[in-house]
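Structure data follow from entry.tsv (TSV, C-alpha atoms):
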chain	number	residue	atom	x	y	z
A	180	LEU	CA	-1.22	-0.65	13.75
A	181	LEU	CA	0.61	-2.32	16.61
A	182	PHE	CA	4.11	-3.60	15.87
A	183	ARG	CA	3.20	-7.04	17.23
A	184	ASP	CA	0.41	-7.38	14.63
A	185	ILE	CA	2.66	-6.76	11.62
A	186	LEU	CA	3.84	-9.95	9.90
A	187	TYR	CA	5.96	-8.32	7.21
A	188	CYS	CA	6.25	-5.23	5.06
A	189	GLU	CA	7.10	-5.06	1.39
A	190	VAL	CA	7.66	-2.55	-1.36
A	191	PHE	CA	6.12	-3.37	-4.71
A	192	ASP	CA	5.50	-1.10	-7.69
A	193	HIS	CA	6.37	2.06	-5.69
A	194	CYS	CA	3.86	1.22	-2.93
A	195	LEU	CA	4.52	0.11	0.63
A	196	TYR	CA	2.39	-2.80	1.85
A	197	ILE	CA	2.07	-3.72	5.53
A	198	HIS	CA	0.71	-7.24	6.04
A	199	THR	CA	-0.99	-8.52	9.19
A	200	MET	CA	-2.76	-11.83	9.78
A	201	THR	CA	-6.12	-10.25	8.95
A	202	GLU	CA	-5.43	-7.23	6.74
A	203	ASN	CA	-3.11	-5.69	4.18
A	204	HIS	CA	-2.48	-1.95	4.27
A	205	ARG	CA	-1.18	0.01	1.31
A	206	THR	CA	0.58	3.33	1.66
A	207	TYR	CA	3.38	5.32	0.09
A	208	GLY	CA	6.87	5.51	1.46
A	209	THR	CA	10.09	3.56	1.59
A	210	LEU	CA	11.17	0.56	3.59
A	211	ASP	CA	14.11	2.62	4.87
A	212	SER	CA	11.83	5.25	6.41
A	213	LEU	CA	9.49	2.59	7.82
A	214	GLN	CA	12.38	0.59	9.26
A	215	ARG	CA	13.57	3.64	11.20
A	216	LYS	CA	10.14	3.78	12.90
A	217	LEU	CA	10.01	0.07	13.80
A	218	ASP	CA	11.79	-1.72	16.65
A	219	GLY	CA	14.42	-4.45	16.79
A	220	ARG	CA	12.08	-7.36	16.07
A	221	PHE	CA	12.00	-6.31	12.39
A	222	PHE	CA	14.69	-7.60	10.07
A	223	ARG	CA	15.46	-6.33	6.57
A	224	CYS	CA	15.94	-9.67	4.85
A	225	HIS	CA	15.81	-8.34	1.29
A	226	ARG	CA	15.76	-4.94	-0.38
A	227	SER	CA	11.99	-5.36	-0.79
A	228	PHE	CA	11.04	-6.97	2.55
A	229	LEU	CA	11.07	-6.36	6.29
A	230	VAL	CA	9.93	-9.29	8.43
A	231	ASN	CA	8.76	-9.37	12.02
A	232	MET	CA	10.97	-12.06	13.54
A	233	ASP	CA	8.25	-12.83	16.10
A	234	HIS	CA	6.13	-14.20	13.23
A	235	VAL	CA	8.76	-16.29	11.44
A	236	SER	CA	7.71	-19.90	11.93
A	237	ASN	CA	10.50	-21.59	9.97
A	238	LYS	CA	13.42	-21.04	7.64
A	239	GLU	CA	13.64	-22.92	4.39
A	240	GLU	CA	16.29	-22.67	1.69
A	241	GLY	CA	16.60	-18.94	1.05
A	242	THR	CA	13.23	-18.03	2.55
A	243	ALA	CA	11.63	-17.10	5.85
A	244	VAL	CA	8.31	-18.89	6.34
A	245	MET	CA	5.84	-16.60	8.06
A	246	ARG	CA	2.84	-17.57	10.18
A	247	GLY	CA	0.11	-18.27	7.69
A	248	GLY	CA	2.54	-19.90	5.28
A	249	ARG	CA	3.79	-16.96	3.20
A	250	LYS	CA	7.43	-17.40	2.15
A	251	ILE	CA	9.61	-14.29	2.08
A	252	LEU	CA	12.82	-14.25	0.08
A	253	ILE	CA	16.05	-13.71	2.04
A	254	SER	CA	18.90	-12.25	0.04
A	255	ARG	CA	22.04	-14.36	0.03
A	256	ARG	CA	23.94	-11.52	1.73
A	257	LYS	CA	21.48	-11.50	4.62
A	258	GLN	CA	21.06	-15.25	5.17
A	259	ARG	CA	23.85	-15.59	7.75
A	260	LYS	CA	22.61	-12.57	9.70
A	261	LYS	CA	19.02	-13.88	9.54
A	262	LYS	CA	20.05	-17.25	10.99
A	263	LYS	CA	21.59	-15.45	13.95
A	264	LYS	CA	18.49	-13.26	14.52
A	265	LEU	CA	16.17	-16.28	14.21
A	266	LEU	CA	18.20	-18.22	16.78
A	267	GLN	CA	18.06	-15.24	19.14
A	268	ALA	CA	14.27	-14.97	18.70
A	269	CYS	CA	13.81	-18.71	19.32
A	270	ARG	CA	15.97	-18.59	22.47
A	271	LYS	CA	14.07	-15.57	23.76
A	272	GLU	CA	10.72	-17.33	23.23
A	273	HIS	CA	12.03	-20.49	24.89
A	274	PHE	CA	13.23	-18.66	28.01
A	275	GLU	CA	10.05	-16.57	28.31
A	276	SER	CA	7.83	-19.68	28.20

Can you give me the file's structure in the form of structure tokens?
Amino acid sequence: LLFRDILYCEVFDHCLYIHTMTENHRTYGTLDSLQRKLDGRFFRCHRSFLVNMDHVSNKEEGTAVMRGGRKILISRRKQRKKKKKLLQACRKEHFES
């Protein structure tokens, strides 16, 4: 998988799921170990989720809205940090256009 294709990753029932626009991959492991392998575009917004900030289309109350419409929960602790990362991602996209 290419990093740019990953929308988000989640842990559920002791399995690690990697979601793309077209496929879902299931494997075993932890989000901590996966996060160490990924680059800076990925944000740990909840103990169960890592999101690719390049694919966040919007932020609603307590959630990150991903391309395709899936809403990912953002822990209250991480909401301030997520706002900052989302602003940085939006500015980067604006200046690269």

>> Excluding Leu180 in chain A and its own-chain neighbours fewer than 3 positions away, which residues fall within 10 Å of it when counting all atoms listed in the file? Please give them as a list in words.
In response: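 Close residues of Leu180 in chain A: Arg183, Asp184, Ile185, Ile197, Thr199 and His204 of chain A.
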
> Any idea what's packed within 7 Å of Met245 in chain A, counting only C-alpha atoms, ignoring anything in its chain fewer than 4 positions away? Could you give it as a PyMOL selection string?
Replying inline: chain A and resi 234-236+249-250

Got a sec: who's within 9 Å of Phe182 in chain A, counting all atoms listed in the file, leaving out chain neighbours fewer than 6 positions off, as a CSV table (one decimal) with C-alpha atoms, keeping the file's coordinate frame?
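Dumped to part17.csv:
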chain,number,residue,atom,x,y,z
A,217,LEU,CA,10.0,0.1,13.8
A,218,ASP,CA,11.8,-1.7,16.6
A,220,ARG,CA,12.1,-7.4,16.1
A,231,ASN,CA,8.8,-9.4,12.0

>> When you look at range 205-207 of chain A with a cut-off of 6 Å (counting only C-alpha atoms), what residues show up, excluding the ones that are within fewer than 6 positions of it in the same chain? I need them as a PyMOL selection string.
In response: chain A and resi 194-196

>> Given the point (0.0, -14.0, 7.4) in the coordinates of this file, which residues lie within 6 Å, counting all atoms listed in the file, and how would they look as a VMD selection string?
In response: chain A and resid 199 to 200 246 to 247

> How many Å separate CA of Met232 in chain A from CA of Leu186 in chain A?
Replying inline: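 So the two atoms, CA of Met232 in chain A and CA of Leu186 in chain A, lie 8.3 Å apart.
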
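CA of Gln258 in chain A is found 22.5 Å from CA of Ser212 in chain A.
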
>> So, with all atoms listed in the file as the atoms that count, which of A:Glu202, A:Asp211, A:Asp233, A:Glu189 lies closest to Ile251 in chain A?
In response: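 Of A:Glu202, A:Asp211, A:Asp233, A:Glu189, the one nearest Ile251 in chain A is A:Glu189, counting all atoms listed in the file.
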
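Distances here use only C-alpha atoms; by that measure, the residue among A:Leu181, A:Cys188, A:Cys224, A:Leu210 closest to Arg256 in chain A is A:Cys224.
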
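If you look at CA of Ile253 in chain A and CA of His225 in chain A, they are 5.4 Å away from each other.
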